[in-house]
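Asks: My structure is stored as entry_15.pdb, with PDB, C-alpha atoms.
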```pdb
ATOM      1  CA  MET A 773      20.139   6.372  -1.116
ATOM      2  CA  THR A 774      20.362   2.608  -0.723
ATOM      3  CA  SER A 775      17.567   0.090  -0.220
ATOM      4  CA  ARG A 776      18.306  -0.221   3.478
ATOM      5  CA  GLN A 777      18.434   3.565   3.953
ATOM      6  CA  ALA A 778      15.030   3.915   2.265
ATOM      7  CA  ILE A 779      13.515   1.260   4.526
ATOM      8  CA  ASP A 780      15.053   2.898   7.612
ATOM      9  CA  ILE A 781      13.483   6.227   6.583
ATOM     10  CA  PHE A 782      10.108   4.570   6.004
ATOM     11  CA  TYR A 783       9.998   3.035   9.485
ATOM     12  CA  THR A 784      10.470   6.421  11.167
ATOM     13  CA  PHE A 785       6.936   7.302  10.004
ATOM     14  CA  LEU A 786       5.043   4.295  11.342
ATOM     15  CA  GLN A 787       2.795   4.299  14.375
ATOM     16  CA  GLY A 788       1.292   0.813  14.467
ATOM     17  CA  GLU A 789       0.201   0.338  10.851
ATOM     18  CA  PRO A 790       0.323  -3.247   9.587
ATOM     19  CA  VAL A 791       3.062  -3.748   6.986
ATOM     20  CA  VAL A 792       3.309  -6.695   4.612
ATOM     21  CA  CYS A 793       7.000  -6.979   3.701
ATOM     22  CA  ALA A 794       8.094  -8.553   0.430
ATOM     23  CA  THR A 795      10.229 -11.643   0.641
ATOM     24  CA  GLY A 796      14.035 -11.570   0.658
ATOM     25  CA  TYR A 797      16.130  -8.557   1.540
ATOM     26  CA  ILE A 798      13.048  -6.339   1.942
ATOM     27  CA  SER A 799      11.844  -8.434   4.907
ATOM     28  CA  ARG A 800      15.345  -8.745   6.277
ATOM     29  CA  SER A 801      15.942  -4.982   6.090
ATOM     30  CA  ALA A 802      12.505  -4.265   7.585
ATOM     31  CA  GLN A 803      13.271  -6.541  10.517
ATOM     32  CA  GLY A 804      16.604  -4.738  10.960
ATOM     33  CA  ALA A 805      14.987  -1.302  10.781
ATOM     34  CA  LYS A 806      12.179  -2.018  13.236
ATOM     35  CA  ASP A 807      11.224  -5.533  14.256
ATOM     36  CA  ARG A 808       7.589  -5.292  15.321
ATOM     37  CA  LEU A 809       4.527  -7.489  15.600
ATOM     38  CA  GLU A 810       2.780  -5.404  12.908
ATOM     39  CA  ASN A 811       5.323  -6.595  10.301
ATOM     40  CA  PHE A 812       4.281  -9.582   8.229
ATOM     41  CA  TYR A 813       7.612 -10.877   6.964
ATOM     42  CA  MET A 814       7.067 -12.930   3.856
ATOM     43  CA  ILE A 815       9.217 -16.007   3.549
ATOM     44  CA  GLY A 816       8.866 -17.155  -0.052
ATOM     45  CA  SER A 817       5.843 -16.178  -2.142
ATOM     46  CA  MET A 818       7.711 -13.567  -4.165
ATOM     47  CA  GLY A 819       5.388 -11.037  -5.759
ATOM     48  CA  LEU A 820       2.491 -11.469  -3.341
ATOM     49  CA  ALA A 821       3.092  -8.735  -0.732
ATOM     50  CA  SER A 822       0.690  -6.360  -2.471
ATOM     51  CA  SER A 823      -1.941  -9.110  -2.843
ATOM     52  CA  ILE A 824      -1.782  -9.983   0.847
ATOM     53  CA  ALA A 825      -1.789  -6.316   1.887
ATOM     54  CA  LEU A 826      -4.782  -5.696  -0.384
ATOM     55  CA  GLY A 827      -6.701  -8.500   1.318
ATOM     56  CA  VAL A 828      -5.897  -7.034   4.734
ATOM     57  CA  ALA A 829      -6.865  -3.527   3.587
ATOM     58  CA  LEU A 830     -10.227  -4.746   2.298
ATOM     59  CA  CYS A 831     -10.943  -6.638   5.535
ATOM     60  CA  LYS A 832      -9.749  -3.825   7.821
ATOM     61  CA  PRO A 833     -10.872  -0.588   6.143
ATOM     62  CA  GLN A 834     -10.365   1.398   9.356
ATOM     63  CA  LYS A 835      -6.593   0.693   9.315
ATOM     64  CA  LYS A 836      -3.955   2.122   6.993
ATOM     65  CA  VAL A 837      -2.359  -1.017   5.473
ATOM     66  CA  ILE A 838       1.058  -0.934   3.858
ATOM     67  CA  ALA A 839       2.735  -3.126   1.256
ATOM     68  CA  LEU A 840       6.520  -2.768   1.446
ATOM     69  CA  ASP A 841       7.571  -4.172  -1.892
ATOM     70  CA  GLY A 842      10.489  -4.537  -4.280
ATOM     71  CA  ASP A 843      10.632  -3.790  -7.989
ATOM     72  CA  GLY A 844      11.236  -7.416  -8.981
ATOM     73  CA  ALA A 845       8.333  -8.592  -6.859
ATOM     74  CA  VAL A 846       5.977  -6.011  -8.382
ATOM     75  CA  LEU A 847       7.065  -7.036 -11.879
ATOM     76  CA  MET A 848       6.194 -10.642 -10.992
ATOM     77  CA  ASN A 849       2.619  -9.745 -10.123
ATOM     78  CA  LEU A 850       1.632  -6.681 -12.153
ATOM     79  CA  GLY A 851      -1.988  -7.819 -12.220
ATOM     80  CA  THR A 852      -2.397  -6.859  -8.591
ATOM     81  CA  LEU A 853      -1.717  -3.208  -9.467
ATOM     82  CA  ALA A 854      -4.788  -3.294 -11.719
ATOM     83  CA  THR A 855      -6.873  -4.925  -8.991
ATOM     84  CA  ILE A 856      -5.783  -2.336  -6.432
ATOM     85  CA  GLY A 857      -6.487   0.485  -8.897
ATOM     86  CA  ALA A 858      -9.917  -0.915  -9.710
ATOM     87  CA  LEU A 859     -10.973  -1.568  -6.097
ATOM     88  CA  LYS A 860      -9.495   1.718  -4.841
ATOM     89  CA  PRO A 861      -9.031   0.862  -1.146
ATOM     90  CA  ALA A 862      -8.676   4.257   0.532
ATOM     91  CA  ASN A 863      -6.496   2.748   3.268
ATOM     92  CA  PHE A 864      -3.902   1.118   0.973
ATOM     93  CA  PHE A 865      -0.316   2.423   0.861
ATOM     94  CA  HIS A 866       2.254   0.806  -1.456
ATOM     95  CA  LEU A 867       5.950   1.616  -1.101
ATOM     96  CA  VAL A 868       8.159   0.028  -3.747
ATOM     97  CA  ILE A 869      11.904  -0.071  -3.172
ATOM     98  CA  ASP A 870      13.314  -0.022  -6.717
ATOM     99  CA  ASN A 871      16.988  -0.858  -7.122
ATOM    100  CA  SER A 872      16.319  -2.220 -10.652
ATOM    101  CA  GLY A 873      17.597  -5.614  -9.596
ATOM    102  CA  TYR A 874      17.021  -8.828  -7.715
ATOM    103  CA  GLU A 875      19.221  -7.992  -4.749
ATOM    104  CA  SER A 876      18.470 -11.145  -2.753
ATOM    105  CA  THR A 877      19.777 -13.427  -5.493
ATOM    106  CA  GLY A 878      22.879 -11.528  -6.598
ATOM    107  CA  ASN A 879      21.741  -8.199  -8.084
ATOM    108  CA  GLN A 880      20.662  -9.503 -11.472
ATOM    109  CA  LEU A 881      18.986  -6.681 -13.369
ATOM    110  CA  SER A 882      15.210  -6.456 -13.336
ATOM    111  CA  HIS A 883      13.229  -4.681 -16.040
ATOM    112  CA  ALA A 884      12.409  -1.813 -13.666
ATOM    113  CA  GLY A 885      15.197   0.243 -15.210
ATOM    114  CA  ARG A 886      13.185   0.290 -18.457
ATOM    115  CA  VAL A 887       9.628  -0.188 -17.195
ATOM    116  CA  PRO A 888       8.333   2.791 -15.157
ATOM    117  CA  LEU A 889       6.428   1.122 -12.338
ATOM    118  CA  ASP A 890       5.056   4.444 -11.097
ATOM    119  CA  LYS A 891       3.471   5.126 -14.496
ATOM    120  CA  ILE A 892       1.954   1.638 -14.494
ATOM    121  CA  ALA A 893       0.451   2.269 -11.045
ATOM    122  CA  GLN A 894      -0.928   5.606 -12.230
ATOM    123  CA  SER A 895      -2.436   3.979 -15.318
ATOM    124  CA  ALA A 896      -3.881   1.210 -13.149
ATOM    125  CA  GLY A 897      -5.844   3.763 -11.122
ATOM    126  CA  TYR A 898      -3.882   4.463  -7.944
ATOM    127  CA  ALA A 899      -5.159   7.754  -6.505
ATOM    128  CA  HIS A 900      -1.781   9.179  -5.497
ATOM    129  CA  VAL A 901       1.468   8.207  -7.263
ATOM    130  CA  ARG A 902       4.894   9.676  -6.554
ATOM    131  CA  ARG A 903       8.574   8.925  -7.168
ATOM    132  CA  ALA A 904      11.413   9.701  -4.755
ATOM    133  CA  GLU A 905      15.103   9.560  -5.591
ATOM    134  CA  THR A 906      16.675  11.206  -2.535
ATOM    135  CA  PRO A 907      16.223  10.721   1.216
ATOM    136  CA  GLU A 908      14.630  14.168   1.492
ATOM    137  CA  ALA A 909      12.167  13.455  -1.303
ATOM    138  CA  LEU A 910      11.308  10.075   0.204
ATOM    139  CA  ARG A 911      10.563  11.624   3.613
ATOM    140  CA  LYS A 912       8.345  14.231   1.947
ATOM    141  CA  GLU A 913       6.454  11.687  -0.168
ATOM    142  CA  ILE A 914       5.924   9.200   2.667
ATOM    143  CA  ALA A 915       4.571  11.926   4.951
ATOM    144  CA  ALA A 916       2.255  13.227   2.222
ATOM    145  CA  GLY A 917       1.200   9.752   1.108
ATOM    146  CA  LEU A 918       0.301   8.544   4.595
ATOM    147  CA  ALA A 919      -2.032  11.542   4.917
ATOM    148  CA  LYS A 920      -3.735  10.894   1.553
ATOM    149  CA  LYS A 921      -6.721   8.782   0.683
ATOM    150  CA  GLY A 922      -5.446   5.810  -1.279
ATOM    151  CA  PRO A 923      -4.538   3.793  -2.942
ATOM    152  CA  VAL A 924      -1.113   5.423  -2.683
ATOM    153  CA  PHE A 925       1.968   4.292  -4.624
ATOM    154  CA  ILE A 926       5.452   5.611  -3.898
ATOM    155  CA  LEU A 927       8.408   4.431  -5.942
ATOM    156  CA  ALA A 928      11.710   4.861  -4.107
ATOM    157  CA  LYS A 929      14.550   4.726  -6.633
ATOM    158  CA  VAL A 930      17.585   3.400  -4.763
ATOM    159  CA  SER A 931      21.001   1.840  -5.172
ATOM    160  CA  PRO A 932      21.645  -1.716  -4.007
ATOM    161  CA  ASP A 933      23.143  -2.044  -0.551
ATOM    162  CA  SER A 934      26.814  -2.854  -0.203
ATOM    163  CA  GLY A 935      28.249  -5.073   2.466
ATOM    164  CA  ALA A 936      26.604  -7.948   4.262
ATOM    165  CA  PRO A 937      22.807  -8.190   4.138
ATOM    166  CA  ALA A 938      20.695  -7.817   7.233
ATOM    167  CA  PRO A 939      20.225 -11.069   9.176
ATOM    168  CA  ARG A 940      17.574 -13.515   8.026
ATOM    169  CA  VAL A 941      14.105 -13.207   9.531
ATOM    170  CA  HIS A 942      14.363 -14.979  12.866
ATOM    171  CA  ALA A 943      10.733 -15.923  13.538
ATOM    172  CA  ALA A 944       9.068 -19.012  12.120
ATOM    173  CA  PRO A 945       6.273 -18.397   9.577
ATOM    174  CA  GLU A 946       3.643 -19.636  12.035
ATOM    175  CA  VAL A 947       4.807 -17.155  14.673
ATOM    176  CA  ILE A 948       4.881 -14.287  12.161
ATOM    177  CA  THR A 949       1.312 -15.110  11.113
ATOM    178  CA  GLU A 950       0.059 -15.401  14.694
ATOM    179  CA  ASN A 951       1.649 -12.107  15.767
ATOM    180  CA  PHE A 952       0.384 -10.251  12.698
ATOM    181  CA  SER A 953      -3.138 -11.640  13.184
ATOM    182  CA  LYS A 954      -3.177 -10.410  16.798
ATOM    183  CA  CYS A 955      -2.314  -6.896  15.621
ATOM    184  CA  LEU A 956      -5.269  -6.892  13.235
ATOM    185  CA  ARG A 957      -7.856  -7.702  15.879
TER     186      ARG A 957
END
```
Written as structure tokens, that's how I'd like the structure from this file.
Replies:
Amino acid sequence: MTSRQAIDIFYTFLQGEPVVCATGYISRSAQGAKDRLENFYMIGSMGLASSIALGVALCKPQKKVIALDGDGAVLMNLGTLATIGALKPANFFHLVIDNSGYESTGNQLSHAGRVPLDKIAQSAGYAHVRRAETPEALRKEIAAGLAKKGPVFILAKVSPDSGAPAPRVHAAPEVITENFSKCLR
């Protein structure tokens, strides 16, 4: 399964949940899978999708809040995993697309091939941690994880996409922020 295929699968499960999308190809692929007002496409700020999603989850405990992240971004901000594990927001769902590389900048290897992010999340205190390496396993784990009390962490092990990337995010940051804020009210 490729990064884009994993993101396409993920979006078949959503029904209005706010999603904070990591910068780069994650946001671009999310927009291509399902452009929606509930998507907060990050432009810059690599590593902060989980921090932003955590803030939203704490402020909106009645909503399931999702961080759609990449392995390189998680590695940049590992401290947030500990904060999420310690605070234990029941409505927090973290999907990490792990291609063991920095796809947006040329597929340089990340350390995710040697550092098990799912084990770090488990050690940090996430309530439900799973790994998926096939489309079928990913569907199963997303369905189960969305039904669980969080924080939930699912690591989707994928291959980098081939061919041209999805188009750049088309909305200006101010518009993305305004639309996302409206969805949270």
Asks: In the coordinates of the file, take the point (5.5, -5.1, 15.5) and a cut-off of 10 Å; then, counting all atoms listed in the file, name each qualifying protein, DNA or RNA residue as a count of residues only.
Replies: 17
Asks: Write out, as a Markdown table, each residue of range 841-904 of chain A that has an atom at most 12 Å from range 926-929 of chain A, together with the closest pair of atoms and their distance in Å to one decimal, counting all atoms listed in the file, rows going by chain and rising number.
Replies:
```
| residue | atom | partner | partner_atom | distance |
| --- | --- | --- | --- | --- |
| A:Asp841 | CA | A:Leu927 | CA | 9.5 |
| A:Gly842 | CA | A:Leu927 | CA | 9.4 |
| A:Asp843 | CA | A:Leu927 | CA | 8.8 |
| A:Val846 | CA | A:Leu927 | CA | 11.0 |
| A:Phe864 | CA | A:Ile926 | CA | 11.5 |
| A:Phe865 | CA | A:Ile926 | CA | 8.1 |
| A:His866 | CA | A:Ile926 | CA | 6.3 |
| A:Leu867 | CA | A:Ile926 | CA | 4.9 |
| A:Val868 | CA | A:Leu927 | CA | 4.9 |
| A:Ile869 | CA | A:Ala928 | CA | 5.0 |
| A:Asp870 | CA | A:Lys929 | CA | 4.9 |
| A:Asn871 | CA | A:Lys929 | CA | 6.1 |
| A:Ser872 | CA | A:Lys929 | CA | 8.2 |
| A:Gly873 | CA | A:Lys929 | CA | 11.2 |
| A:Ala884 | CA | A:Lys929 | CA | 9.8 |
| A:Gly885 | CA | A:Lys929 | CA | 9.7 |
| A:Pro888 | CA | A:Leu927 | CA | 9.4 |
| A:Leu889 | CA | A:Leu927 | CA | 7.5 |
| A:Asp890 | CA | A:Leu927 | CA | 6.1 |
| A:Lys891 | CA | A:Leu927 | CA | 9.9 |
| A:Ile892 | CA | A:Leu927 | CA | 11.1 |
| A:Ala893 | CA | A:Ile926 | CA | 9.3 |
| A:Gln894 | CA | A:Ile926 | CA | 10.5 |
| A:Tyr898 | CA | A:Ile926 | CA | 10.2 |
| A:Ala899 | CA | A:Ile926 | CA | 11.1 |
| A:His900 | CA | A:Ile926 | CA | 8.2 |
| A:Val901 | CA | A:Ile926 | CA | 5.8 |
| A:Arg902 | CA | A:Ile926 | CA | 4.9 |
| A:Arg903 | CA | A:Leu927 | CA | 4.7 |
| A:Ala904 | CA | A:Ala928 | CA | 4.9 |
```
Asks: How would you write, as a PyMOL selection string, the residues chosen by the PyMOL selection byres ((chain A and resi 845) around 9) on this structure?
Replies: chain A and resi 794-795+818-821+841-844+846-850+874
Asks: Find, counting all atoms listed in the file, the residue in A:Ser799, A:Ser895, A:Gln834, A:Thr852 that gets nearest to His942 in chain A.
Replies: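 Answer, going by the shortest atom-to-atom distance: A:Ser799.
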Asks: Identify which of the residues A:Lys835, A:Ile798, A:Thr774, A:Val924 lies closest to Lys860 in chain A, counting all atoms listed in the file when measuring atom-to-atom distances.
Replies: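 Among A:Lys835, A:Ile798, A:Thr774, A:Val924, it is A:Val924 that comes nearest to Lys860 in chain A.
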